[in-house]
$ cat final.cif   # mmCIF, C-alpha atoms
data_start
loop_
_atom_site.label_atom_id
_atom_site.label_comp_id
_atom_site.auth_asym_id
_atom_site.auth_seq_id
_atom_site.Cartn_x
_atom_site.Cartn_y
_atom_site.Cartn_z
CA MET O 15 0.00 0.00 0.00
CA LYS O 16 1.15 3.51 -0.81
CA THR O 17 0.52 6.86 0.80
CA ALA O 18 1.97 10.24 -0.15
CA THR O 19 1.46 13.82 0.97
CA LYS O 20 2.29 17.19 -0.57
CA TYR O 21 1.35 20.78 0.18
CA LEU O 22 0.71 23.48 -2.41
CA THR O 23 0.94 27.17 -1.50
CA PHE O 24 -1.01 30.03 -3.06
CA GLU O 25 -0.72 33.78 -2.64
CA LEU O 26 -3.11 35.67 -4.88
CA ALA O 27 -2.84 39.45 -5.37
CA GLN O 28 -6.64 39.84 -5.40
CA ARG O 29 -9.34 38.93 -2.91
CA ARG O 30 -10.75 36.21 -5.17
CA GLY O 31 -9.37 34.16 -8.04
CA LEU O 32 -9.25 30.76 -9.71
CA VAL O 33 -6.09 28.68 -10.14
CA ARG O 34 -6.18 25.57 -12.33
CA ILE O 35 -4.23 22.85 -10.49
CA THR O 36 -4.87 19.73 -12.60
CA ASP O 37 -1.22 19.60 -13.71
CA GLU O 38 0.04 19.89 -10.11
CA VAL O 39 -2.25 17.06 -9.00
CA GLU O 40 -1.19 14.94 -12.00
CA ALA O 41 2.49 15.58 -11.16
CA PHE O 42 1.84 14.56 -7.54
CA CYS O 43 0.15 11.39 -8.83
CA ARG O 44 3.32 10.49 -10.77
CA GLU O 45 5.62 11.38 -7.85
CA SER O 46 3.58 9.18 -5.49
CA ALA O 47 3.87 6.25 -7.94
CA LEU O 48 0.21 5.50 -7.17
CA GLU O 49 -1.17 2.93 -9.63
CA ASP O 50 -4.71 2.63 -8.32
CA GLY O 51 -6.50 4.55 -5.58
CA MET O 52 -7.63 8.04 -4.66
CA ILE O 53 -6.10 11.48 -4.19
CA LEU O 54 -7.65 13.93 -1.74
CA VAL O 55 -7.31 17.58 -2.83
CA SER O 56 -8.29 19.74 0.14
CA ALA O 57 -7.93 23.43 0.97
CA MET O 58 -6.47 23.88 4.46
CA HIS O 59 -8.32 27.18 4.91
CA ILE O 60 -11.94 27.98 5.56
CA THR O 61 -12.07 30.82 3.05
CA ALA O 62 -11.13 28.91 -0.12
CA ALA O 63 -12.61 26.05 -2.14
CA VAL O 64 -11.57 23.22 -4.44
CA PHE O 65 -13.81 22.10 -7.27
CA VAL O 66 -13.84 20.21 -10.55
CA ASN O 67 -15.33 21.92 -13.59
CA ASP O 68 -14.66 23.29 -17.07
CA ASP O 69 -11.64 25.44 -17.97
CA GLU O 70 -13.66 28.06 -19.89
CA PRO O 71 -13.19 31.78 -19.07
CA GLY O 72 -16.85 32.74 -19.67
CA LEU O 73 -17.98 30.03 -17.27
CA HIS O 74 -15.47 31.24 -14.69
CA GLN O 75 -17.13 34.68 -14.81
CA ASP O 76 -20.53 33.01 -14.44
CA ILE O 77 -19.24 31.15 -11.38
CA GLU O 78 -17.84 34.36 -9.87
CA GLU O 79 -21.20 36.14 -10.33
CA TRP O 80 -23.02 33.12 -8.93
CA VAL O 81 -21.01 32.86 -5.70
CA GLN O 82 -21.43 36.63 -5.28
CA ARG O 83 -25.20 36.30 -5.70
CA LEU O 84 -25.61 33.41 -3.24
CA ALA O 85 -23.02 34.58 -0.69
CA PRO O 86 -22.59 38.34 -1.29
CA GLY O 87 -19.23 39.96 -0.62
CA PRO O 88 -17.12 42.89 -1.78
CA ALA O 89 -15.78 43.06 -5.34
CA SER O 90 -12.54 41.15 -5.79
CA ASP O 91 -10.43 44.34 -5.89
CA ASP O 92 -12.32 46.06 -3.04
CA ARG O 93 -10.39 46.22 0.24
CA THR O 94 -13.43 47.17 2.36
CA ALA O 95 -15.41 44.53 4.25
CA GLY O 96 -18.48 44.81 1.99
CA PRO O 97 -21.84 43.40 3.16
CA GLU O 98 -22.22 43.16 6.92
CA TYR O 99 -21.88 39.77 8.63
CA ARG O 100 -21.95 38.99 12.35
CA HIS O 101 -18.52 37.40 11.86
CA HIS O 102 -17.14 40.93 11.26
CA HIS O 103 -17.78 41.85 14.90
CA SER O 104 -14.81 39.58 15.69
CA GLY O 105 -12.57 41.92 13.66
CA GLU O 106 -12.67 39.93 10.42
CA ASP O 107 -13.86 41.22 7.04
CA ASN O 108 -14.32 37.93 5.22
CA GLY O 109 -17.75 36.61 6.25
CA ASP O 110 -18.74 36.10 2.62
CA ALA O 111 -15.60 33.97 2.04
CA HIS O 112 -16.68 31.48 4.74
CA LEU O 113 -20.12 31.10 3.15
CA LYS O 114 -18.62 30.70 -0.34
CA ASN O 115 -16.40 27.94 1.10
CA LEU O 116 -19.52 26.13 2.36
CA LEU O 117 -21.32 26.66 -0.96
CA VAL O 118 -18.60 25.31 -3.25
CA GLY O 119 -16.89 22.90 -0.84
CA HIS O 120 -13.27 22.72 0.27
CA GLU O 121 -12.21 19.35 -1.11
CA VAL O 122 -12.54 16.79 -3.90
CA ILE O 123 -11.44 13.18 -4.22
CA VAL O 124 -9.85 12.30 -7.56
CA PRO O 125 -9.77 8.64 -8.60
CA VAL O 126 -6.49 7.20 -9.95
CA THR O 127 -6.48 4.28 -12.42
CA LYS O 128 -3.40 2.78 -14.12
CA GLY O 129 -1.20 5.52 -12.68
CA ARG O 130 -3.24 8.43 -14.07
CA LEU O 131 -5.95 10.76 -12.76
CA ASP O 132 -9.17 9.09 -13.95
CA LEU O 133 -11.02 12.27 -14.94
CA GLY O 134 -13.65 12.84 -17.64
CA PRO O 135 -12.59 14.73 -20.79
CA TRP O 136 -13.58 18.20 -19.50
CA GLN O 137 -12.90 17.75 -15.81
CA GLN O 138 -10.29 20.18 -14.56
CA ILE O 139 -9.37 20.75 -10.91
CA PHE O 140 -9.42 24.31 -9.54
CA TYR O 141 -8.40 26.07 -6.35
CA TYR O 142 -10.84 28.94 -5.71
CA GLU O 143 -9.47 31.68 -3.45
CA PHE O 144 -12.06 33.79 -1.62
CA ASP O 145 -9.77 35.75 0.72
CA GLY O 146 -6.37 36.20 -0.91
CA ARG O 147 -3.49 38.64 -0.49
CA ARG O 148 -1.85 36.23 1.98
CA LYS O 149 -0.34 32.74 1.91
CA LYS O 150 -2.80 29.84 1.83
CA ARG O 151 -2.12 26.09 1.75
CA LEU O 152 -3.73 23.04 0.18
CA ILE O 153 -3.00 19.40 0.97
CA LEU O 154 -2.68 16.54 -1.52
CA LYS O 155 -2.97 13.07 0.03
CA ALA O 156 -2.62 9.88 -2.06
CA LEU O 157 -3.88 6.51 -0.86
CA GLY O 158 -3.86 3.22 -2.76
CA VAL O 159 -1.50 0.71 -4.34
CA MET I 14 -5.54 -4.47 0.15
CA LYS I 15 -8.25 -4.33 -2.51
CA THR I 16 -9.06 -1.83 -5.22
CA ALA I 17 -11.74 -2.07 -7.89
CA THR I 18 -13.09 0.22 -10.60
CA LYS I 19 -16.29 0.25 -12.63
CA TYR I 20 -17.98 2.76 -14.94
CA LEU I 21 -21.71 3.36 -15.20
CA THR I 22 -23.22 4.98 -18.30
CA PHE I 23 -26.37 7.12 -18.44
CA GLU I 24 -28.29 8.53 -21.39
CA LEU I 25 -31.40 10.40 -20.30
CA ALA I 26 -34.09 11.47 -22.80
CA GLN I 27 -34.64 14.76 -20.97
CA ARG I 28 -32.33 17.61 -20.03
CA ARG I 29 -32.57 16.83 -16.32
CA GLY I 30 -33.46 13.77 -14.31
CA LEU I 31 -32.69 11.66 -11.24
CA VAL I 32 -31.50 8.06 -11.36
CA ARG I 33 -31.34 6.04 -8.13
CA ILE I 34 -28.07 4.06 -8.20
CA THR I 35 -27.89 2.54 -4.71
CA ASP I 36 -28.41 -0.99 -6.11
CA GLU I 37 -25.66 -0.51 -8.70
CA VAL I 38 -23.22 0.71 -6.02
CA GLU I 39 -24.22 -2.20 -3.73
CA ALA I 40 -23.65 -4.67 -6.61
CA PHE I 41 -20.23 -3.11 -7.25
CA CYS I 42 -19.45 -3.48 -3.54
CA ARG I 43 -20.18 -7.22 -3.74
CA GLU I 44 -18.23 -7.63 -7.02
CA SER I 45 -15.20 -5.91 -5.52
CA ALA I 46 -15.32 -8.25 -2.48
CA LEU I 47 -14.55 -5.22 -0.32
CA GLU I 48 -15.02 -6.05 3.37
CA ASP I 49 -14.08 -2.71 4.90
CA GLY I 50 -13.25 0.61 3.26
CA MET I 51 -14.73 3.30 1.04
CA ILE I 52 -16.33 3.57 -2.38
CA LEU I 53 -16.01 6.76 -4.37
CA VAL I 54 -19.08 7.51 -6.54
CA SER I 55 -18.12 10.34 -8.88
CA ALA I 56 -19.69 11.83 -12.02
CA MET I 57 -17.09 12.16 -14.80
CA HIS I 58 -18.91 15.17 -16.27
CA ILE I 59 -19.17 18.76 -15.14
CA THR I 60 -22.91 19.02 -15.81
CA ALA I 61 -24.15 16.25 -13.51
CA ALA I 62 -24.10 15.54 -9.78
CA VAL I 63 -24.11 12.67 -7.31
CA PHE I 64 -25.85 12.98 -3.95
CA VAL I 65 -27.28 10.97 -1.08
CA ASN I 66 -30.84 11.69 0.01
CA ASP I 67 -34.37 10.34 0.33
CA ASP I 68 -36.17 8.32 -2.38
CA GLU I 69 -39.43 10.28 -2.15
CA PRO I 70 -41.02 11.69 -5.35
CA GLY I 71 -42.34 14.88 -3.71
CA LEU I 72 -38.90 15.69 -2.36
CA HIS I 73 -37.40 15.09 -5.81
CA GLN I 74 -39.73 17.78 -7.20
CA ASP I 75 -38.68 20.08 -4.35
CA ILE I 76 -35.03 19.46 -5.23
CA GLU I 77 -35.69 20.17 -8.92
CA GLU I 78 -37.40 23.48 -8.08
CA TRP I 79 -34.60 24.33 -5.67
CA VAL I 80 -31.73 23.83 -8.12
CA GLN I 81 -33.74 25.83 -10.68
CA ARG I 82 -34.17 28.67 -8.18
CA LEU I 83 -30.50 28.82 -7.14
CA ALA I 84 -29.01 28.14 -10.58
CA PRO I 85 -31.73 29.03 -13.12
CA GLY I 86 -31.93 27.15 -16.40
CA PRO I 87 -34.47 26.11 -19.02
CA ALA I 88 -37.26 23.66 -18.17
CA SER I 89 -36.20 20.05 -18.43
CA ASP I 90 -38.06 19.51 -21.74
CA ASP I 91 -37.00 22.88 -23.23
CA ARG I 92 -34.36 22.63 -25.97
CA THR I 93 -33.50 26.34 -25.96
CA ALA I 94 -30.58 27.67 -23.96
CA GLY I 95 -32.76 29.46 -21.39
CA PRO I 96 -31.24 32.14 -19.13
CA GLU I 97 -28.16 33.83 -20.54
CA TYR I 98 -24.72 32.87 -19.20
CA ARG I 99 -21.32 34.08 -20.41
CA HIS I 100 -20.46 30.42 -20.97
CA HIS I 101 -22.97 30.41 -23.86
CA HIS I 102 -20.71 32.73 -25.88
CA SER I 103 -18.46 29.67 -26.32
CA GLY I 104 -21.31 27.95 -28.21
CA GLU I 105 -22.67 25.98 -25.24
CA ASP I 106 -26.22 26.17 -23.87
CA ASN I 107 -25.68 24.53 -20.47
CA GLY I 108 -24.35 27.28 -18.18
CA ASP I 109 -26.96 26.46 -15.55
CA ALA I 110 -25.90 22.80 -15.53
CA HIS I 111 -22.34 23.75 -14.53
CA LEU I 112 -23.62 25.84 -11.61
CA LYS I 113 -26.02 23.08 -10.51
CA ASN I 114 -23.02 20.71 -10.52
CA LEU I 115 -21.17 23.08 -8.16
CA LEU I 116 -24.26 23.48 -5.96
CA VAL I 117 -25.01 19.79 -5.42
CA GLY I 118 -21.50 18.36 -5.85
CA HIS I 119 -20.24 15.72 -8.27
CA GLU I 120 -19.18 12.97 -5.87
CA VAL I 121 -19.84 11.14 -2.61
CA ILE I 122 -17.82 8.66 -0.59
CA VAL I 123 -19.80 5.69 0.72
CA PRO I 124 -18.38 3.76 3.69
CA VAL I 125 -18.29 -0.05 3.51
CA THR I 126 -18.46 -2.20 6.68
CA LYS I 127 -18.65 -6.00 6.82
CA GLY I 128 -19.01 -6.19 3.05
CA ARG I 129 -22.05 -3.88 2.84
CA LEU I 130 -22.66 -0.19 2.12
CA ASP I 131 -22.81 1.37 5.58
CA LEU I 132 -25.69 3.77 4.91
CA GLY I 133 -28.36 5.12 7.23
CA PRO I 134 -31.93 3.77 6.85
CA TRP I 135 -33.11 6.47 4.41
CA GLN I 136 -29.85 7.17 2.59
CA GLN I 137 -30.15 6.44 -1.12
CA ILE I 138 -27.54 7.33 -3.74
CA PHE I 139 -28.64 9.33 -6.80
CA TYR I 140 -27.11 10.41 -10.09
CA TYR I 141 -28.54 13.82 -11.04
CA GLU I 142 -28.33 14.65 -14.73
CA PHE I 143 -28.39 18.36 -15.62
CA ASP I 144 -27.56 18.15 -19.35
CA GLY I 145 -28.84 14.85 -20.74
CA ARG I 146 -29.77 13.58 -24.20
CA ARG I 147 -26.23 12.24 -24.62
CA LYS I 148 -24.04 9.58 -23.01
CA LYS I 149 -22.52 10.44 -19.66
CA ARG I 150 -20.23 8.38 -17.42
CA LEU I 151 -19.75 7.89 -13.70
CA ILE I 152 -16.84 6.14 -11.96
CA LEU I 153 -17.05 3.77 -9.00
CA LYS I 154 -13.74 3.22 -7.18
CA ALA I 155 -13.41 0.88 -4.22
CA LEU I 156 -10.50 1.04 -1.77
CA GLY I 157 -10.00 -1.03 1.38
CA VAL I 158 -9.54 -4.58 2.57
CA MET A 26 -3.16 -1.54 6.16
CA LYS A 27 -5.55 -0.27 8.83
CA THR A 28 -9.27 0.34 8.87
CA ALA A 29 -11.45 1.43 11.78
CA THR A 30 -15.08 2.40 12.25
CA LYS A 31 -16.96 4.29 14.94
CA TYR A 32 -20.43 5.77 15.26
CA LEU A 33 -21.30 9.01 17.02
CA THR A 34 -24.85 9.71 18.21
CA PHE A 35 -26.52 13.10 18.56
CA GLU A 36 -29.85 14.13 20.04
CA LEU A 37 -30.37 17.87 19.96
CA ALA A 38 -33.21 19.53 21.87
CA GLN A 39 -33.82 22.03 19.08
CA ARG A 40 -34.66 21.60 15.39
CA ARG A 41 -31.26 22.94 14.27
CA GLY A 42 -27.87 23.25 15.92
CA LEU A 43 -24.11 22.99 15.48
CA VAL A 44 -21.90 20.52 17.37
CA ARG A 45 -18.11 20.84 17.12
CA ILE A 46 -16.72 17.32 16.72
CA THR A 47 -13.02 17.93 16.02
CA ASP A 48 -12.00 16.40 19.37
CA GLU A 49 -14.12 13.28 18.77
CA VAL A 50 -12.56 12.80 15.32
CA GLU A 51 -9.06 13.36 16.76
CA ALA A 52 -9.77 10.79 19.52
CA PHE A 53 -10.96 8.31 16.88
CA CYS A 54 -7.76 8.96 14.93
CA ARG A 55 -5.68 8.00 18.00
CA GLU A 56 -7.85 4.95 18.77
CA SER A 57 -7.49 3.69 15.20
CA ALA A 58 -3.68 4.05 15.42
CA LEU A 59 -3.77 5.46 11.89
CA GLU A 60 -0.39 6.96 10.96
CA ASP A 61 -1.15 8.11 7.42
CA GLY A 62 -4.39 8.09 5.47
CA MET A 63 -7.89 9.53 5.50
CA ILE A 64 -10.88 9.64 7.82
CA LEU A 65 -14.39 9.86 6.40
CA VAL A 66 -16.79 11.85 8.61
CA SER A 67 -20.29 11.26 7.25
CA ALA A 68 -23.81 11.93 8.58
CA MET A 69 -25.98 8.81 8.25
CA HIS A 70 -29.11 10.95 7.87
CA ILE A 71 -30.43 13.03 5.02
CA THR A 72 -31.42 15.96 7.21
CA ALA A 73 -28.01 16.80 8.72
CA ALA A 74 -24.64 17.96 7.40
CA VAL A 75 -20.94 17.78 8.20
CA PHE A 76 -18.63 20.65 7.35
CA VAL A 77 -15.25 22.17 8.15
CA ASN A 78 -15.12 25.84 9.09
CA ASP A 79 -14.29 28.36 11.80
CA ASP A 80 -15.35 28.00 15.46
CA GLU A 81 -16.61 31.58 15.81
CA PRO A 82 -20.13 32.21 17.23
CA GLY A 83 -20.90 35.22 15.01
CA LEU A 84 -20.05 33.20 11.92
CA HIS A 85 -22.27 30.38 13.15
CA GLN A 86 -25.20 32.81 13.24
CA ASP A 87 -24.28 33.98 9.72
CA ILE A 88 -24.31 30.36 8.57
CA GLU A 89 -27.70 29.74 10.21
CA GLU A 90 -29.21 32.79 8.47
CA TRP A 91 -27.59 31.76 5.19
CA VAL A 92 -28.99 28.21 5.13
CA GLN A 93 -32.40 29.68 6.08
CA ARG A 94 -32.20 32.14 3.18
CA LEU A 95 -31.17 29.55 0.56
CA ALA A 96 -33.34 26.69 1.85
CA PRO A 97 -36.11 28.32 3.92
CA GLY A 98 -37.56 26.46 6.89
CA PRO A 99 -39.18 27.13 10.25
CA ALA A 100 -37.25 28.82 13.06
CA SER A 101 -35.15 26.41 15.09
CA ASP A 102 -37.59 26.45 18.03
CA ASP A 103 -40.73 26.30 15.85
CA ARG A 104 -42.52 22.96 15.88
CA THR A 105 -44.72 23.71 12.84
CA ALA A 106 -43.73 22.59 9.37
CA GLY A 107 -42.93 26.11 8.13
CA PRO A 108 -42.70 26.82 4.38
CA GLU A 109 -44.60 24.37 2.20
CA TYR A 110 -42.71 21.66 0.32
CA ARG A 111 -44.12 18.84 -1.81
CA HIS A 112 -42.26 16.46 0.51
CA HIS A 113 -44.73 17.42 3.26
CA HIS A 114 -47.57 15.66 1.37
CA SER A 115 -45.85 12.42 2.45
CA GLY A 116 -46.53 13.39 6.09
CA GLU A 117 -43.09 14.87 6.78
CA ASP A 118 -42.39 18.43 7.97
CA ASN A 119 -38.68 18.65 7.18
CA GLY A 120 -38.44 19.53 3.47
CA ASP A 121 -36.06 22.40 4.23
CA ALA A 122 -33.74 20.06 6.14
CA HIS A 123 -33.26 17.87 3.05
CA LEU A 124 -32.32 20.92 0.94
CA LYS A 125 -29.96 22.23 3.63
CA ASN A 126 -28.28 18.79 3.61
CA LEU A 127 -27.73 19.13 -0.16
CA LEU A 128 -26.48 22.71 0.22
CA VAL A 129 -23.86 22.09 2.90
CA GLY A 130 -23.06 18.43 2.17
CA HIS A 131 -23.26 15.39 4.45
CA GLU A 132 -19.61 14.36 4.62
CA VAL A 133 -15.98 15.45 4.67
CA ILE A 134 -12.70 13.58 4.31
CA VAL A 135 -10.02 14.56 6.79
CA PRO A 136 -6.39 13.78 5.92
CA VAL A 137 -4.18 12.13 8.59
CA THR A 138 -0.40 12.65 8.63
CA LYS A 139 2.02 11.34 11.28
CA GLY A 140 -0.86 10.10 13.39
CA ARG A 141 -2.69 13.45 13.59
CA LEU A 142 -5.56 15.15 11.74
CA ASP A 143 -3.78 17.24 9.11
CA LEU A 144 -6.00 20.33 9.37
CA GLY A 145 -5.21 23.99 8.79
CA PRO A 146 -4.97 26.28 11.87
CA TRP A 147 -8.64 27.37 11.84
CA GLN A 148 -10.24 24.23 10.43
CA GLN A 149 -12.74 22.73 12.86
CA ILE A 150 -15.15 19.90 12.06
CA PHE A 151 -18.87 20.41 12.75
CA TYR A 152 -22.00 18.29 12.75
CA TYR A 153 -24.93 20.45 11.63
CA GLU A 154 -28.34 19.18 12.70
CA PHE A 155 -31.32 20.34 10.60
CA ASP A 156 -34.06 18.11 12.06
CA GLY A 157 -33.26 17.31 15.70
CA ARG A 158 -35.29 16.25 18.73
CA ARG A 159 -34.52 12.60 17.90
CA LYS A 160 -31.44 10.37 17.77
CA LYS A 161 -29.20 10.75 14.74
CA ARG A 162 -25.99 8.91 13.84
CA LEU A 163 -22.71 9.76 12.13
CA ILE A 164 -20.06 7.33 10.90
CA LEU A 165 -16.29 7.72 11.22
CA LYS A 166 -14.28 5.46 8.92
CA ALA A 167 -10.47 5.42 8.91
CA LEU A 168 -8.41 4.02 6.04
CA GLY A 169 -4.63 4.02 5.69
CA VAL A 170 -1.48 2.67 7.30
#
$ encode --input "final.cif" --output "structure tokens"
Amino acid sequence: MKTATKYLTFELAQRRGLVRITDEVEAFCRESALEDGMILVSAMHITAAVFVNDDEPGLHQDIEEWVQRLAPGPASDDRTAGPEYRHHHSGEDNGDAHLKNLLVGHEVIVPVTKGRLDLGPWQQIFYYEFDGRRKKRLILKALGV
Amino acid sequence: MKTATKYLTFELAQRRGLVRITDEVEAFCRESALEDGMILVSAMHITAAVFVNDDEPGLHQDIEEWVQRLAPGPASDDRTAGPEYRHHHSGEDNGDAHLKNLLVGHEVIVPVTKGRLDLGPWQQIFYYEFDGRRKKRLILKALGV
Amino acid sequence: MKTATKYLTFELAQRRGLVRITDEVEAFCRESALEDGMILVSAMHITAAVFVNDDEPGLHQDIEEWVQRLAPGPASDDRTAGPEYRHHHSGEDNGDAHLKNLLVGHEVIVPVTKGRLDLGPWQQIFYYEFDGRRKKRLILKALGV
């Protein structure tokens, strides 16, 4: 049985942004020498998400508008706190980022078959930052044979 | 240690629809001879979801209305593109299906204990198609002993 | 290879409520003697959720208001059925709880490294009850070495 662990670090210049990480997860899959099993891809912060979807810029704008509609926050380049949340009474300004994390989810499990990520033709893995301008981490954990 | 992999294929006549797949996952569990571990149930498309909930027709209508409210799209039997999304500028007509995928999630992990799916009494596994009328795949991946 | 299984039971006095379960999952991690792998934390009911987020009371109120906005239901101390759902024609009164389960998700996977939960500094694990006042179960399943 094989296990392997790796940490990725992100530091985005904006409040929010998408980073495609399929290649990093594929590289980790090769490094771990996993032939068959699963890889956990999980944000280690509560103001970021990981998801699998299409690598199409128009869709990414749709997704940005959608998370803003369902969990309203300041514009990505706005340094004010934006809509009021009770969480802000604790001195934070990122209440919307916590709700976006719950909406999209902070982790995915990627199946591995014959030494490769077993993804559908349009499935790409993304890290979605909701509270950037500081260092954030993500864990990759492989388990299998 | 045991691993096993299987692919299910769906081709729904409508744009959207639910397919209960608990029996298929249970059959896969038996075929894999897994005694203890986990089974990943994951849609290989970015316009479909997998979830665990109740097998009650009224609730399924509630869920359909809910995903339409939070990620609006055309009616299930409507062949037009429906509400406008930026994604449609790329020639697609399924922007809502991508958002519904993010809302509901594309995968679940089902625990296996003593050779059986270890589900609660009302937990049923469903494939939720958001962009049917073509072949779609789902992967089952077993890992354990 | 190691596997381990444990069940937690909850019985909340109110309709909805949050229970922090990080310590219980950490204790299970020690009991299982898992050195490296993953722990599945999964509600066995379709009217409860499991999520990872911040242990901050103001945020918890924000989350409660948010799930009520996106999947409306009765107040936590209200014993009436609240907003009408088709599911209620089956004699149930918890339609909103099923939608909240879909919104937040019923499970998380927690990575384990060097015998400890490999969580970020603010990541806490919560059980989120949406239909309490009766016994509910959650499964912990460890897999790894």
$ residues_around --input "final.cif" --residues "I:Asn114" --least-positions-apart "4" --cutoff "12 Å" --atoms "only C-alpha atoms" --output "PyMOL selection string"
(chain O and resi 65-68+77+117-119+137) or (chain I and resi 29+55-64+80-81+83-84+107-110+118-120+140-144) or (chain A and resi 127-128)
$ residues_near_point --input "final.cif" --point "(6.6, 10.1, -6.0)" --cutoff "12 Å" --atoms "all atoms listed in the file" --output "ChimeraX atom specification"
/O:16-20,39-49,129,155-156
$ interface_residues --input "final.cif" --of "chain I" --to "chain A" --cutoff "10 Å" --atoms "all atoms listed in the file" --output "PyMOL selection string"
chain I and resi 14+49-51+64-67+69-76+79-80+82-83+115-118+121-126+131-137+156-158
$ resolve_selection --input "final.cif" --expression "the PyMOL selection byres ((chain I and resi 25) around 8)" --output "VMD selection string"
chain I and resid 23 to 24 26 to 30 142 145 to 148
$ atom_distance --input "final.cif" --atom1 "atom CA of O:Thr36" --atom2 "atom CA of I:Ile34"
28.3 Å
$ decode --input "final.cif" --residues "stretch 80-139 of chain I" --atoms "C-alpha atoms" --output "PDB file, in the first residue's frame"
ATOM      1  CA  VAL I  80     -31.734  23.832  -8.123  1.00  0.00           C
ATOM      2  CA  GLN I  81     -33.743  25.834 -10.680  1.00  0.00           C
ATOM      3  CA  ARG I  82     -34.168  28.672  -8.180  1.00  0.00           C
ATOM      4  CA  LEU I  83     -30.501  28.823  -7.136  1.00  0.00           C
ATOM      5  CA  ALA I  84     -29.005  28.135 -10.583  1.00  0.00           C
ATOM      6  CA  PRO I  85     -31.726  29.035 -13.119  1.00  0.00           C
ATOM      7  CA  GLY I  86     -31.926  27.147 -16.398  1.00  0.00           C
ATOM      8  CA  PRO I  87     -34.475  26.107 -19.021  1.00  0.00           C
ATOM      9  CA  ALA I  88     -37.263  23.661 -18.173  1.00  0.00           C
ATOM     10  CA  SER I  89     -36.205  20.049 -18.426  1.00  0.00           C
ATOM     11  CA  ASP I  90     -38.057  19.514 -21.737  1.00  0.00           C
ATOM     12  CA  ASP I  91     -37.000  22.877 -23.232  1.00  0.00           C
ATOM     13  CA  ARG I  92     -34.362  22.630 -25.970  1.00  0.00           C
ATOM     14  CA  THR I  93     -33.504  26.343 -25.960  1.00  0.00           C
ATOM     15  CA  ALA I  94     -30.581  27.672 -23.959  1.00  0.00           C
ATOM     16  CA  GLY I  95     -32.763  29.461 -21.391  1.00  0.00           C
ATOM     17  CA  PRO I  96     -31.237  32.144 -19.131  1.00  0.00           C
ATOM     18  CA  GLU I  97     -28.163  33.829 -20.541  1.00  0.00           C
ATOM     19  CA  TYR I  98     -24.719  32.873 -19.201  1.00  0.00           C
ATOM     20  CA  ARG I  99     -21.324  34.082 -20.405  1.00  0.00           C
ATOM     21  CA  HIS I 100     -20.464  30.421 -20.972  1.00  0.00           C
ATOM     22  CA  HIS I 101     -22.969  30.409 -23.858  1.00  0.00           C
ATOM     23  CA  HIS I 102     -20.705  32.735 -25.881  1.00  0.00           C
ATOM     24  CA  SER I 103     -18.456  29.674 -26.317  1.00  0.00           C
ATOM     25  CA  GLY I 104     -21.309  27.954 -28.209  1.00  0.00           C
ATOM     26  CA  GLU I 105     -22.670  25.984 -25.236  1.00  0.00           C
ATOM     27  CA  ASP I 106     -26.219  26.165 -23.866  1.00  0.00           C
ATOM     28  CA  ASN I 107     -25.681  24.533 -20.470  1.00  0.00           C
ATOM     29  CA  GLY I 108     -24.347  27.279 -18.180  1.00  0.00           C
ATOM     30  CA  ASP I 109     -26.963  26.463 -15.553  1.00  0.00           C
ATOM     31  CA  ALA I 110     -25.901  22.795 -15.533  1.00  0.00           C
ATOM     32  CA  HIS I 111     -22.343  23.751 -14.529  1.00  0.00           C
ATOM     33  CA  LEU I 112     -23.623  25.839 -11.612  1.00  0.00           C
ATOM     34  CA  LYS I 113     -26.017  23.082 -10.508  1.00  0.00           C
ATOM     35  CA  ASN I 114     -23.017  20.714 -10.520  1.00  0.00           C
ATOM     36  CA  LEU I 115     -21.167  23.084  -8.155  1.00  0.00           C
ATOM     37  CA  LEU I 116     -24.262  23.484  -5.959  1.00  0.00           C
ATOM     38  CA  VAL I 117     -25.006  19.794  -5.419  1.00  0.00           C
ATOM     39  CA  GLY I 118     -21.498  18.365  -5.853  1.00  0.00           C
ATOM     40  CA  HIS I 119     -20.240  15.719  -8.269  1.00  0.00           C
ATOM     41  CA  GLU I 120     -19.178  12.965  -5.867  1.00  0.00           C
ATOM     42  CA  VAL I 121     -19.844  11.144  -2.613  1.00  0.00           C
ATOM     43  CA  ILE I 122     -17.815   8.663  -0.592  1.00  0.00           C
ATOM     44  CA  VAL I 123     -19.804   5.694   0.722  1.00  0.00           C
ATOM     45  CA  PRO I 124     -18.378   3.761   3.694  1.00  0.00           C
ATOM     46  CA  VAL I 125     -18.293  -0.053   3.510  1.00  0.00           C
ATOM     47  CA  THR I 126     -18.461  -2.196   6.680  1.00  0.00           C
ATOM     48  CA  LYS I 127     -18.647  -6.005   6.819  1.00  0.00           C
ATOM     49  CA  GLY I 128     -19.008  -6.186   3.054  1.00  0.00           C
ATOM     50  CA  ARG I 129     -22.054  -3.880   2.845  1.00  0.00           C
ATOM     51  CA  LEU I 130     -22.658  -0.193   2.120  1.00  0.00           C
ATOM     52  CA  ASP I 131     -22.813   1.367   5.580  1.00  0.00           C
ATOM     53  CA  LEU I 132     -25.686   3.775   4.907  1.00  0.00           C
ATOM     54  CA  GLY I 133     -28.359   5.117   7.234  1.00  0.00           C
ATOM     55  CA  PRO I 134     -31.928   3.770   6.849  1.00  0.00           C
ATOM     56  CA  TRP I 135     -33.109   6.474   4.414  1.00  0.00           C
ATOM     57  CA  GLN I 136     -29.852   7.167   2.592  1.00  0.00           C
ATOM     58  CA  GLN I 137     -30.149   6.437  -1.115  1.00  0.00           C
ATOM     59  CA  ILE I 138     -27.544   7.329  -3.739  1.00  0.00           C
ATOM     60  CA  PHE I 139     -28.635   9.325  -6.803  1.00  0.00           C
TER      61      PHE I 139
END
